[in-house]
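Below: input_29.cif (mmCIF, C-alpha atoms and all ligand atoms)
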```cif
data_my_file
loop_
_atom_site.label_atom_id
_atom_site.label_comp_id
_atom_site.auth_asym_id
_atom_site.auth_seq_id
_atom_site.Cartn_x
_atom_site.Cartn_y
_atom_site.Cartn_z
CA MET A 1 5.58 -35.50 -5.63
CA ILE A 2 3.02 -33.90 -3.26
CA LYS A 3 -0.50 -33.75 -4.70
CA ILE A 4 -3.00 -31.12 -3.58
CA ASP A 5 -6.11 -29.40 -4.92
CA PHE A 6 -5.12 -25.80 -4.24
CA LEU A 7 -1.72 -24.25 -3.71
CA VAL A 8 -1.76 -20.59 -2.66
CA VAL A 9 1.57 -18.77 -2.96
CA GLY A 10 1.82 -15.81 -0.57
CA ALA A 11 -0.03 -15.28 2.72
CA GLY A 12 -0.73 -11.55 2.40
CA PHE A 13 -4.17 -10.02 1.79
CA ALA A 14 -4.51 -11.62 -1.65
CA GLY A 15 -3.41 -15.15 -0.78
CA SER A 16 -4.99 -15.39 2.66
CA ILE A 17 -8.40 -14.18 1.49
CA VAL A 18 -8.48 -16.58 -1.46
CA ALA A 19 -7.34 -19.42 0.83
CA GLU A 20 -10.08 -18.65 3.36
CA ARG A 21 -12.78 -18.48 0.69
CA LEU A 22 -11.72 -21.77 -0.90
CA ALA A 23 -11.43 -23.49 2.47
CA SER A 24 -14.86 -22.25 3.56
CA ALA A 25 -16.26 -23.68 0.33
CA GLY A 26 -14.91 -27.08 1.35
CA ARG A 27 -11.69 -27.15 -0.65
CA GLN A 28 -8.34 -28.32 0.71
CA VAL A 29 -5.72 -25.58 0.58
CA LEU A 30 -1.97 -25.44 1.12
CA ILE A 31 -0.79 -21.83 1.56
CA ILE A 32 2.92 -21.04 1.57
CA ASP A 33 4.94 -17.90 2.13
CA LYS A 34 8.66 -17.51 1.81
CA ARG A 35 8.67 -15.19 4.81
CA PRO A 36 8.49 -16.66 8.30
CA HIS A 37 5.11 -15.02 8.97
CA VAL A 38 1.63 -14.45 7.52
CA ALA A 39 0.01 -11.07 6.64
CA GLY A 40 2.42 -10.08 3.84
CA ASN A 41 3.39 -6.44 3.93
CA ALA A 42 0.63 -5.71 6.43
CA TYR A 43 2.49 -7.79 9.05
CA ASP A 44 2.60 -6.20 12.50
CA GLU A 45 4.34 -7.34 15.66
CA HIS A 46 5.29 -6.13 19.11
CA ASP A 47 8.84 -4.82 19.03
CA ALA A 48 11.39 -5.60 21.74
CA HIS A 49 9.84 -2.85 23.89
CA GLY A 50 6.27 -4.05 23.56
CA VAL A 51 5.04 -1.45 21.06
CA LEU A 52 2.90 -2.76 18.21
CA VAL A 53 4.73 -1.79 15.00
CA HIS A 54 4.33 -2.51 11.29
CA ARG A 55 7.53 -4.16 10.09
CA TYR A 56 7.02 -3.11 6.46
CA GLY A 57 5.83 0.44 7.00
CA PRO A 58 2.58 2.05 8.13
CA HIS A 59 -0.65 0.36 7.07
CA ILE A 60 -3.90 2.25 7.54
CA PHE A 61 -7.08 0.52 6.47
CA HIS A 62 -9.52 2.73 4.56
CA THR A 63 -12.32 1.86 2.16
CA ASN A 64 -15.72 2.86 0.90
CA ALA A 65 -16.72 -0.76 0.38
CA GLN A 66 -19.08 -1.99 3.09
CA ARG A 67 -18.77 -5.57 1.86
CA ILE A 68 -15.00 -5.58 2.35
CA VAL A 69 -15.45 -4.36 5.91
CA ASP A 70 -18.17 -6.96 6.48
CA TYR A 71 -15.96 -9.71 5.14
CA LEU A 72 -12.92 -8.76 7.23
CA SER A 73 -15.07 -8.19 10.32
CA GLN A 74 -15.42 -11.96 10.59
CA PHE A 75 -11.77 -12.03 11.65
CA THR A 76 -11.24 -8.86 13.65
CA GLU A 77 -12.80 -6.10 15.65
CA TRP A 78 -11.87 -2.57 14.66
CA ARG A 79 -10.57 0.63 16.13
CA PRO A 80 -11.66 3.86 14.42
CA TYR A 81 -8.64 5.84 13.25
CA GLU A 82 -8.40 8.85 10.93
CA HIS A 83 -4.87 9.27 9.63
CA ARG A 84 -3.35 12.74 9.53
CA VAL A 85 -0.11 13.70 7.83
CA LEU A 86 2.00 16.85 8.04
CA ALA A 87 4.75 17.78 5.60
CA GLN A 88 7.84 19.63 6.73
CA VAL A 89 8.24 22.51 4.29
CA GLU A 90 10.36 25.59 4.86
CA GLY A 91 10.62 24.89 8.58
CA GLN A 92 6.87 24.46 9.11
CA LEU A 93 4.76 21.34 9.57
CA LEU A 94 1.91 21.85 7.10
CA PRO A 95 -1.14 19.72 6.29
CA ILE A 96 -0.84 17.35 3.32
CA PRO A 97 -3.09 16.83 1.29
CA ILE A 98 -2.75 20.53 0.55
CA ASN A 99 -5.76 22.34 2.01
CA ARG A 100 -6.77 25.88 2.95
CA ASP A 101 -4.54 25.90 6.04
CA THR A 102 -1.55 24.70 4.02
CA VAL A 103 -1.87 27.64 1.64
CA ASN A 104 -2.59 30.23 4.32
CA ARG A 105 0.26 29.14 6.58
CA LEU A 106 2.82 28.68 3.82
CA TYR A 107 2.17 32.08 2.24
CA GLY A 108 1.06 34.01 5.34
CA LEU A 109 -2.43 34.57 3.92
CA ASN A 110 -5.90 34.50 5.40
CA LEU A 111 -7.99 33.19 2.53
CA ASP A 112 -11.44 31.69 2.93
CA GLU A 113 -12.57 28.71 0.88
CA ALA A 114 -13.50 30.78 -2.17
CA GLY A 115 -10.23 32.67 -1.82
CA VAL A 116 -8.20 29.47 -1.89
CA GLN A 117 -10.18 28.28 -4.89
CA ALA A 118 -9.34 31.53 -6.68
CA PHE A 119 -5.72 31.20 -5.57
CA PHE A 120 -5.44 27.74 -7.17
CA GLU A 121 -7.10 29.08 -10.34
CA ARG A 122 -4.47 31.81 -10.49
CA VAL A 123 -1.38 29.65 -9.90
CA ARG A 124 -2.33 26.42 -11.67
CA GLU A 125 -0.68 25.53 -14.97
CA PRO A 126 -3.48 23.98 -17.02
CA ARG A 127 -2.42 20.74 -18.70
CA GLU A 128 -4.31 18.99 -21.46
CA PRO A 129 -4.12 16.06 -21.51
CA VAL A 130 -3.12 15.19 -17.96
CA ARG A 131 -0.75 12.27 -18.52
CA SER A 132 1.95 12.30 -15.87
CA SER A 133 2.06 12.87 -12.13
CA GLU A 134 3.75 16.20 -12.80
CA ASP A 135 0.77 17.18 -15.01
CA VAL A 136 -1.65 16.29 -12.21
CA VAL A 137 -0.04 18.54 -9.65
CA LEU A 138 0.83 21.47 -11.93
CA ASN A 139 -2.70 21.35 -13.32
CA THR A 140 -4.26 21.73 -9.88
CA VAL A 141 -1.90 23.76 -7.66
CA GLY A 142 0.84 25.12 -9.93
CA ARG A 143 4.63 25.11 -9.81
CA ASP A 144 5.51 26.49 -6.40
CA LEU A 145 3.39 24.02 -4.43
CA TYR A 146 4.51 21.27 -6.81
CA GLU A 147 8.14 22.01 -6.09
CA LYS A 148 7.69 22.36 -2.34
CA PHE A 149 5.49 19.31 -1.70
CA PHE A 150 5.74 16.86 -4.62
CA LYS A 151 8.78 17.22 -6.85
CA HIS A 152 11.51 16.04 -4.48
CA TYR A 153 9.37 13.60 -2.50
CA THR A 154 8.46 11.88 -5.74
CA ARG A 155 12.05 11.72 -6.95
CA LYS A 156 13.11 10.25 -3.62
CA GLN A 157 10.27 7.76 -3.47
CA TRP A 158 10.47 6.48 -7.04
CA GLY A 159 13.94 7.43 -8.29
CA LEU A 160 12.10 9.08 -11.18
CA ASP A 161 10.86 12.52 -12.06
CA ALA A 162 7.12 13.04 -11.60
CA SER A 163 6.94 13.65 -15.36
CA GLU A 164 8.00 10.00 -15.85
CA LEU A 165 5.25 8.54 -13.64
CA SER A 166 1.65 7.90 -14.61
CA ALA A 167 -0.95 10.39 -13.43
CA GLY A 168 -2.46 7.91 -10.97
CA VAL A 169 0.46 8.14 -8.55
CA ALA A 170 0.11 11.81 -7.61
CA ALA A 171 -3.65 11.64 -8.14
CA ARG A 172 -3.78 9.55 -4.95
CA ILE A 173 -3.32 12.82 -3.08
CA PRO A 174 -6.31 15.17 -3.40
CA VAL A 175 -6.23 18.97 -3.17
CA ARG A 176 -8.73 20.66 -0.88
CA THR A 177 -10.05 24.16 -0.44
CA ASN A 178 -11.54 23.40 2.99
CA GLN A 179 -9.76 22.65 6.28
CA ASP A 180 -10.17 18.88 6.18
CA ASP A 181 -6.75 17.61 7.20
CA ARG A 182 -7.44 13.88 7.03
CA TYR A 183 -5.22 11.88 4.68
CA PHE A 184 -8.20 9.79 3.54
CA THR A 185 -11.88 10.63 3.23
CA ASP A 186 -13.24 7.08 2.90
CA THR A 187 -16.38 6.10 4.81
CA PHE A 188 -14.50 3.43 6.77
CA GLN A 189 -11.17 4.35 8.34
CA VAL A 190 -10.26 1.70 10.85
CA MET A 191 -7.42 -0.38 12.23
CA PRO A 192 -7.73 -4.03 13.27
CA LEU A 193 -8.14 -3.79 17.04
CA HIS A 194 -5.52 -6.43 17.82
CA GLY A 195 -3.41 -5.85 14.73
CA TYR A 196 -3.26 -7.18 11.19
CA THR A 197 -1.31 -10.32 12.04
CA ARG A 198 -3.97 -11.46 14.49
CA MET A 199 -6.65 -10.85 11.83
CA PHE A 200 -4.74 -13.01 9.34
CA GLU A 201 -4.19 -15.75 11.91
CA HIS A 202 -7.96 -15.92 12.43
CA MET A 203 -8.56 -15.94 8.68
CA LEU A 204 -6.22 -18.88 8.13
CA ASP A 205 -7.35 -20.81 11.20
CA HIS A 206 -9.47 -23.30 9.28
CA PRO A 207 -9.35 -27.11 9.22
CA ASN A 208 -9.08 -27.09 5.41
CA ILE A 209 -6.03 -24.79 5.38
CA ARG A 210 -2.46 -25.92 5.90
CA THR A 211 -0.02 -23.01 6.27
CA GLU A 212 3.69 -23.50 5.64
CA LEU A 213 5.99 -20.56 6.24
CA GLY A 214 9.56 -20.04 5.14
CA VAL A 215 8.78 -21.91 1.91
CA ASP A 216 9.70 -20.39 -1.45
CA PHE A 217 7.56 -21.38 -4.41
CA ALA A 218 10.70 -21.61 -6.55
CA ALA A 219 12.03 -24.36 -4.30
CA ILE A 220 8.88 -26.49 -4.41
CA ARG A 221 7.27 -25.79 -7.77
CA ASN A 222 8.61 -29.01 -9.27
CA LYS A 223 7.74 -31.06 -6.21
CA VAL A 224 4.08 -30.13 -5.87
CA LYS A 225 1.32 -31.11 -8.25
CA ALA A 226 -1.57 -28.74 -7.61
CA GLY A 227 -4.94 -28.81 -9.35
CA HIS A 228 -4.95 -25.01 -9.22
CA ILE A 229 -2.33 -22.46 -8.17
CA VAL A 230 -3.16 -19.04 -6.75
CA TYR A 231 -0.03 -16.96 -7.17
CA THR A 232 0.36 -13.61 -5.37
CA GLY A 233 4.12 -12.98 -5.80
CA PRO A 234 5.71 -10.87 -8.55
CA ILE A 235 4.43 -12.07 -11.92
CA ASP A 236 7.80 -11.70 -13.65
CA ALA A 237 9.38 -14.08 -11.11
CA TYR A 238 6.72 -16.70 -11.87
CA TYR A 239 7.84 -16.66 -15.49
CA ASP A 240 11.55 -16.64 -14.65
CA TYR A 241 11.86 -13.07 -15.96
CA CYS A 242 11.55 -14.39 -19.52
CA TYR A 243 10.73 -10.92 -20.88
CA GLY A 244 13.08 -9.14 -18.46
CA LYS A 245 12.54 -7.76 -14.96
CA LEU A 246 9.45 -5.75 -14.14
CA PRO A 247 10.60 -2.76 -12.08
CA TYR A 248 9.39 -2.68 -8.48
CA ARG A 249 10.44 -0.02 -5.99
CA SER A 250 11.81 -1.12 -2.64
CA LEU A 251 12.23 0.48 0.77
CA HIS A 252 14.57 0.15 3.68
CA PHE A 253 12.77 0.55 7.02
CA GLU A 254 14.69 1.98 9.94
CA HIS A 255 12.80 1.25 13.14
CA GLU A 256 13.64 3.09 16.33
CA HIS A 257 12.29 2.96 19.88
CA LEU A 258 12.49 6.07 22.04
CA PRO A 259 12.15 4.82 25.63
CA ALA A 260 11.67 8.06 27.53
CA LEU A 261 9.37 9.81 25.11
CA ALA A 262 5.59 9.36 25.19
CA GLN A 263 5.03 11.14 21.86
CA TYR A 264 7.55 11.88 19.11
CA GLN A 265 5.45 13.88 16.64
CA PRO A 266 1.97 15.47 16.61
CA VAL A 267 0.40 13.15 14.00
CA GLY A 268 0.78 9.58 12.70
CA THR A 269 3.06 10.50 9.83
CA VAL A 270 5.33 13.43 9.00
CA ASN A 271 6.52 13.67 5.38
CA TYR A 272 9.92 15.13 4.50
CA PRO A 273 9.63 16.11 0.84
CA ASN A 274 12.82 18.19 0.71
CA ASP A 275 15.10 17.11 3.55
CA HIS A 276 16.74 13.79 4.46
CA ALA A 277 17.14 10.55 2.52
CA TYR A 278 13.92 9.18 4.01
CA THR A 279 10.48 10.18 2.78
CA ARG A 280 8.52 9.99 6.01
CA ILE A 281 8.46 9.10 9.68
CA THR A 282 5.53 7.26 11.19
CA GLU A 283 4.85 6.97 14.91
CA PHE A 284 2.83 3.83 15.49
CA LYS A 285 1.06 4.74 18.73
CA HIS A 286 -1.05 7.26 16.81
CA LEU A 287 -2.28 4.47 14.54
CA THR A 288 -2.87 1.84 17.17
CA GLY A 289 -3.91 3.95 20.14
CA GLN A 290 -1.57 1.93 22.34
CA ALA A 291 -0.64 3.41 25.72
CA HIS A 292 3.09 3.06 26.46
CA ALA A 293 5.67 5.12 28.32
CA GLY A 294 7.97 5.10 25.26
CA THR A 295 7.26 5.30 21.57
CA SER A 296 8.34 3.55 18.36
CA ILE A 297 8.85 5.15 14.95
CA VAL A 298 9.90 4.06 11.48
CA ARG A 299 11.75 5.96 8.76
CA GLU A 300 11.27 4.87 5.14
CA TYR A 301 14.26 5.02 2.81
CA PRO A 302 13.34 4.29 -0.81
CA GLN A 303 15.75 2.14 -2.80
CA ALA A 304 15.93 0.25 -6.08
CA GLU A 305 17.08 -3.12 -4.74
CA GLY A 306 15.39 -5.27 -2.13
CA ASP A 307 11.93 -6.73 -1.55
CA PRO A 308 9.44 -5.56 -4.17
CA TYR A 309 7.02 -3.18 -2.43
CA TYR A 310 5.65 -0.91 -5.16
CA PRO A 311 4.91 -1.59 -8.82
CA ILE A 312 6.13 1.51 -10.67
CA PRO A 313 3.22 2.95 -12.69
CA ARG A 314 4.47 4.24 -16.03
CA PRO A 315 3.57 3.31 -19.59
CA GLU A 316 6.61 1.19 -20.48
CA ASN A 317 6.23 -0.90 -17.31
CA GLU A 318 2.54 -1.38 -18.03
CA ALA A 319 3.48 -2.59 -21.54
CA LEU A 320 5.94 -5.12 -20.11
CA TYR A 321 3.35 -6.26 -17.56
CA LYS A 322 0.85 -6.81 -20.39
CA ARG A 323 3.27 -9.27 -22.00
CA TYR A 324 3.43 -11.27 -18.79
CA GLN A 325 -0.33 -10.98 -18.39
CA ALA A 326 -0.78 -12.48 -21.86
CA LEU A 327 1.14 -15.55 -20.67
CA ALA A 328 -0.96 -15.67 -17.51
CA LEU A 329 -4.20 -15.61 -19.49
CA GLN A 330 -3.13 -18.80 -21.24
CA GLU A 331 -3.04 -20.68 -17.95
CA PRO A 332 -6.53 -21.61 -16.76
CA HIS A 333 -5.11 -23.46 -13.76
CA VAL A 334 -3.19 -20.52 -12.34
CA THR A 335 -4.79 -17.40 -10.87
CA PHE A 336 -2.63 -14.28 -10.51
CA VAL A 337 -3.97 -11.90 -7.88
CA GLY A 338 -2.61 -9.10 -5.69
CA ARG A 339 -0.41 -6.04 -5.88
CA LEU A 340 2.67 -7.88 -7.17
CA ALA A 341 0.97 -10.45 -9.39
CA GLN A 342 -1.32 -7.90 -11.06
CA TYR A 343 1.33 -5.17 -11.03
CA ARG A 344 -1.17 -2.67 -9.64
CA TYR A 345 -0.58 0.11 -7.09
CA TYR A 346 -3.39 -1.34 -4.98
CA ASN A 347 -4.38 -0.41 -1.45
CA MET A 348 -5.34 -3.22 0.92
CA ASP A 349 -9.07 -2.90 0.28
CA GLN A 350 -8.51 -3.10 -3.48
CA VAL A 351 -6.46 -6.25 -3.03
CA ALA A 352 -9.21 -7.66 -0.82
CA ALA A 353 -11.78 -6.92 -3.53
CA ALA A 354 -9.59 -8.50 -6.20
CA ALA A 355 -9.07 -11.59 -4.01
CA LEU A 356 -12.79 -12.05 -3.31
CA LYS A 357 -13.47 -11.80 -7.05
CA ALA A 358 -10.69 -14.26 -7.85
CA ALA A 359 -12.07 -16.75 -5.33
CA ASP A 360 -15.57 -16.41 -6.82
CA ASN A 361 -14.16 -17.07 -10.28
CA ILE A 362 -12.26 -20.13 -9.10
CA LEU A 363 -15.32 -21.49 -7.35
CA GLY A 364 -17.45 -20.79 -10.41
CA VAL A 365 -19.82 -18.47 -8.58
CA ALA A 366 -19.74 -15.99 -11.46
CA GLN A 367 -20.71 -18.68 -13.94
CA GLU A 368 -23.50 -20.03 -11.74
CA VAL A 369 -25.05 -16.60 -11.30
CA ALA A 370 -24.86 -15.98 -15.06
P1 LIG B 1 1.86 -8.81 -0.22
O1 LIG B 1 1.38 -8.26 1.07
O2 LIG B 1 3.15 -8.31 -0.77
O3 LIG B 1 1.93 -10.39 -0.06
C1 LIG B 1 2.58 -11.21 -1.01
C2 LIG B 1 3.23 -12.34 -0.23
O4 LIG B 1 3.75 -13.27 -1.18
C3 LIG B 1 4.42 -11.87 0.59
O5 LIG B 1 4.23 -12.20 1.94
C4 LIG B 1 5.61 -12.58 -0.02
O6 LIG B 1 6.56 -13.00 0.96
C5 LIG B 1 4.95 -13.79 -0.67
N1 LIG B 1 5.72 -14.31 -1.80
C6 LIG B 1 6.18 -13.64 -2.87
N2 LIG B 1 6.87 -14.47 -3.67
C7 LIG B 1 6.84 -15.69 -3.08
C8 LIG B 1 7.39 -16.94 -3.42
N3 LIG B 1 8.13 -17.14 -4.54
N4 LIG B 1 7.18 -18.01 -2.59
C9 LIG B 1 6.46 -17.84 -1.46
N5 LIG B 1 5.92 -16.67 -1.09
C10 LIG B 1 6.11 -15.61 -1.89
N6 LIG B 1 -2.40 -0.15 1.71
C11 LIG B 1 -3.42 0.47 2.36
O7 LIG B 1 -4.59 0.18 2.07
N7 LIG B 1 -3.18 1.40 3.34
C12 LIG B 1 -1.93 1.75 3.70
O8 LIG B 1 -1.74 2.57 4.60
C13 LIG B 1 -0.83 1.13 3.04
N8 LIG B 1 0.42 1.46 3.37
C14 LIG B 1 1.47 0.84 2.73
C15 LIG B 1 2.76 1.20 3.09
C16 LIG B 1 3.84 0.59 2.48
C17 LIG B 1 5.23 0.99 2.87
C18 LIG B 1 3.62 -0.41 1.47
C19 LIG B 1 4.79 -1.07 0.79
C20 LIG B 1 2.34 -0.75 1.10
C21 LIG B 1 1.24 -0.14 1.72
N9 LIG B 1 -0.07 -0.48 1.40
C22 LIG B 1 -1.12 0.15 2.03
C23 LIG B 1 -0.37 -1.48 0.36
C24 LIG B 1 -0.56 -2.88 0.96
O9 LIG B 1 0.65 -3.29 1.57
C25 LIG B 1 -0.92 -3.85 -0.15
O10 LIG B 1 -2.05 -3.42 -0.88
C26 LIG B 1 -1.23 -5.28 0.35
O11 LIG B 1 -0.48 -5.63 1.47
C27 LIG B 1 -0.92 -6.21 -0.79
O12 LIG B 1 -1.29 -7.53 -0.47
P2 LIG B 1 -0.79 -8.71 -1.41
O13 LIG B 1 -1.26 -9.97 -0.80
O14 LIG B 1 -1.15 -8.42 -2.82
O15 LIG B 1 0.81 -8.61 -1.39
N1 LIG B 2 3.50 12.50 -2.71
C1 LIG B 2 4.35 13.60 -2.65
N2 LIG B 2 4.45 14.30 -1.48
C2 LIG B 2 3.78 13.94 -0.37
C3 LIG B 2 2.93 12.83 -0.42
C4 LIG B 2 2.82 12.13 -1.59
O1 LIG B 2 5.01 13.93 -3.65
O2 LIG B 2 3.92 14.64 0.67
C5 LIG B 2 3.39 11.78 -3.99
C6 LIG B 2 4.56 10.77 -4.14
O3 LIG B 2 4.84 10.61 -5.50
C7 LIG B 2 3.95 9.52 -3.55
C8 LIG B 2 2.53 9.59 -4.08
O4 LIG B 2 2.20 10.99 -4.01
O5 LIG B 2 4.64 8.37 -3.95
C9 LIG B 2 1.51 8.76 -3.35
O6 LIG B 2 1.56 9.08 -1.96
P1 LIG B 2 0.99 8.06 -0.88
O7 LIG B 2 1.12 8.70 0.46
O8 LIG B 2 -0.35 7.59 -1.29
O9 LIG B 2 2.04 6.85 -1.00
P2 LIG B 2 2.14 5.45 -0.23
O10 LIG B 2 1.50 5.61 1.12
O11 LIG B 2 1.47 4.44 -1.11
O12 LIG B 2 3.63 5.23 -0.14
#
```

Spell out the structure here as structure tokens.
Amino acid sequence: MIKIDFLVVGAGFAGSIVAERLASAGRQVLIIDKRPHVAGNAYDEHDAHGVLVHRYGPHIFHTNAQRIVDYLSQFTEWRPYEHRVLAQVEGQLLPIPINRDTVNRLYGLNLDEAGVQAFFERVREPREPVRSSEDVVLNTVGRDLYEKFFKHYTRKQWGLDASELSAGVAARIPVRTNQDDRYFTDTFQVMPLHGYTRMFEHMLDHPNIRTELGVDFAAIRNKVKAGHIVYTGPIDAYYDYCYGKLPYRSLHFEHEHLPALAQYQPVGTVNYPNDHAYTRITEFKHLTGQAHAGTSIVREYPQAEGDPYYPIPRPENEALYKRYQALALQEPHVTFVGRLAQYRYYNMDQVAAAALKAADNILGVAQEVA
């Protein structure tokens, strides 16, 4: 039996941040990940052709929280990057989020901002209450734009109709009457200058942290006696699926390098709501700013089976999660944090915030302040 103070399961944003905080407070930490690398789904690497790519799909860091940027800035420098996305609809590449140019180009109009506002007022299908993702979109831009930009993308991505998904999913995508074509409007939109993996390596490079990769918690849980466990994997797996499986959506990533092409597409990501089995193509050089004679892209194919990438936000899944959460709340010596453990459709900055809070709670900072 191995005895340790803190065992952290998962070396993504959630686990690595908690590990760093505990280690910096003088605690001894063992962090494991079943994958052969750190950084979780944010993992990036140079492909065989020397292009920096994100193995698990495009990761763009954006936040309004200065303190999250300050915290992460201890481990990386940044490169400013504003993500732009175009959607291929009826043979055109149109801005998404839907904005004034999207409407004008799709319908051959020349509306100003007030004109687009009036247009949305005319076509929207008011919904009260707004419960589902379908409600969100119909309520703001009406049926035609819903069907052209959201309906089929959502079915592909989730294997569900937008009417079966909570409002929060589609509400991630705003609707604009101006010409702002940025995907995000957060104050900070940056990429780690030397990549996410390098940032995580710096974070975990601490004398109080031991990192063991390729180690599954299931294989060691009876061999390790930890004073406290920080668990960032899927919560249903921790409890051996005792209430049944929590649905997570998976993806298959098809990476491709195009050796003789400097640029494949005009922006970082092109969405394909209506064509193809994949949802989107991302070209990494836009995100990283890397200069290279060739270029590398990734296509995302949603699927039911495989690594759990997305919790699926809908009321019955939330109810099942609550049952697991009730078990978790009875365990003072285990902390569940992160996108999989909290079953939350979190962005990286939200996971970072949750991890910093979890570390404070473990270290008793909250109690001391109170
Ligand atoms: P993860 O990164 O999933 O880390 C959990 C780790 O736990 C994994 O490495 C896993 O191997 C390990 N683990 C699980 N079970 C076990 C076990 N039994 N034993 C040992 N180890 C285990 N967010 C943004 O802010 N911007 C974006 O642009 C963005 N793009 C995304 C694109 C895609 C395709 C996906 C899937 C997500 C994206 N996200 C984005 C979300 C982002 O990936 C997450 O918010 C963040 O990575 C979650 O961190 P985490 O530590 O909670 O989970
Ligand atoms: N969405 C859509 N069409 C788009 C972009 C997004 O229907 O062109 C919907 C879809 O349901 C998607 C959700 O909005 O899953 C959230 O999109 P986002 O780009 O935030 O997804 P992520 O980057 O997390 O995969």

Test item: residues no farther than 7 Å from ligand LIG 1 (chain B), counting all atoms listed in the file, as a ChimeraX atom specification: /A:9-15,32-35,38-42,56-62,215-218,232-234,309-310,337-340,346-351

Padded axis-aligned box of range 307-315 of chain A (3 Å per side), centre and edge lengths, Å, one decimal, as AutoDock Vina command-line options:
```
--center_x 7.6 --center_y -1.2 --center_z -10.6 --size_x 14.7 --size_y 17.0 --size_z 24.0
```

Give me the residues of chain A that have any atom at most 7 Å from an atom of ligand LIG 2 (chain B); for each, the nearest atom pair and the distance in Å, rounded to one decimal. Use only C-alpha atoms and all ligand atoms, sort by chain and number, and format it as a Markdown table.
```
| residue | atom | partner | partner_atom | distance |
| --- | --- | --- | --- | --- |
| A:Ala87 | CA | B:LIG2 | O2 | 5.9 |
| A:Ile96 | CA | B:LIG2 | O2 | 6.1 |
| A:Phe149 | CA | B:LIG2 | N2 | 5.1 |
| A:Phe150 | CA | B:LIG2 | O1 | 3.2 |
| A:Lys151 | CA | B:LIG2 | O1 | 5.9 |
| A:His152 | CA | B:LIG2 | O1 | 6.9 |
| A:Tyr153 | CA | B:LIG2 | O1 | 4.5 |
| A:Thr154 | CA | B:LIG2 | O3 | 3.8 |
| A:Gln157 | CA | B:LIG2 | O5 | 5.7 |
| A:Trp158 | CA | B:LIG2 | O5 | 6.9 |
| A:Ala162 | CA | B:LIG2 | O3 | 7.0 |
| A:Val169 | CA | B:LIG2 | C8 | 5.1 |
| A:Ala170 | CA | B:LIG2 | O4 | 4.2 |
| A:Arg172 | CA | B:LIG2 | O8 | 5.4 |
| A:Ile173 | CA | B:LIG2 | O4 | 5.9 |
| A:Asn271 | CA | B:LIG2 | O2 | 5.5 |
| A:Pro273 | CA | B:LIG2 | O2 | 5.9 |
```

A:Ala114, A:Leu193, A:Val137, A:Val267 ranked by distance to Asn178 in chain A, top pick (using all atoms listed in the file):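 Among the listed residues, the smallest separation from Asn178 in chain A belongs to A:Ala114.
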
A:Val365, A:Met203, A:Leu327, A:Ala118 ranked by distance to Arg100 in chain A, top pick (using only C-alpha atoms): A:Ala118

Interatomic distance, CA of Arg344 in chain A to CA of Arg323 in chain A (Å, one decimal):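 Between these atoms lies a distance of 14.7 Å.
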
CA of Arg21 in chain A to CA of Arg79 in chain A, distance in Å rounded to a single decimal: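 Pair CA of Arg21 in chain A / CA of Arg79 in chain A returns 24.7 Å.
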
Two-atom distance - CA of Ala219 in chain A, CA of Tyr324 in chain A (Å):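 Atom-to-atom, CA of Ala219 in chain A to CA of Tyr324 in chain A, that is 21.3 Å.
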
Polymer residues at most 10 Å from (9.9, 5.4, 14.3) by all atoms listed in the file, as a PyMOL selection string: chain A and resi 53+57+253-258+264-265+269+280-285+295-300

Counting only C-alpha atoms, which residues of range 22-122 of chain A fall within 7 Å of range 184-189 of chain A, and what is the closest atom pair for each with its distance in Å at one decimal, ordered by chain and rising number, as JSON lines?
```
{"residue": "A:Phe61", "atom": "CA", "partner": "A:Gln189", "partner_atom": "CA", "distance": 5.9}
{"residue": "A:His62", "atom": "CA", "partner": "A:Gln189", "partner_atom": "CA", "distance": 4.4}
{"residue": "A:Thr63", "atom": "CA", "partner": "A:Phe188", "partner_atom": "CA", "distance": 5.3}
{"residue": "A:Asn64", "atom": "CA", "partner": "A:Thr187", "partner_atom": "CA", "distance": 5.1}
{"residue": "A:Pro80", "atom": "CA", "partner": "A:Gln189", "partner_atom": "CA", "distance": 6.1}
{"residue": "A:Tyr81", "atom": "CA", "partner": "A:Gln189", "partner_atom": "CA", "distance": 5.7}
{"residue": "A:Glu82", "atom": "CA", "partner": "A:Gln189", "partner_atom": "CA", "distance": 5.9}
{"residue": "A:His83", "atom": "CA", "partner": "A:Phe184", "partner_atom": "CA", "distance": 7.0}
```

Neighbours of point (-11.0, -3.1, 11.5) within 6 Å, using all atoms listed in the file, written as a PyMOL selection string: chain A and resi 77-79+190-192

Which of A:Pro302, A:Thr177, A:Leu287, A:Leu94 sits closest to Gly115 in chain A [using all atoms listed in the file]: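 Of A:Pro302, A:Thr177, A:Leu287, A:Leu94, the one nearest Gly115 in chain A, counting all atoms listed in the file, is A:Thr177.
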
Of the listed residues A:Ile362, A:Ala304, A:Ser250, A:Leu165, that which approaches Asn317 in chain A most closely, counting only C-alpha atoms: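 Looking at the shortest contact to Asn317 in chain A, the residue is A:Leu165.
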
Option closest in space to Ala291 in chain A, from A:Ile17, A:Leu106, A:Leu52, A:Val116 [counting only C-alpha atoms]: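 Counting only C-alpha atoms, the residue closest to Ala291 in chain A is A:Leu52.
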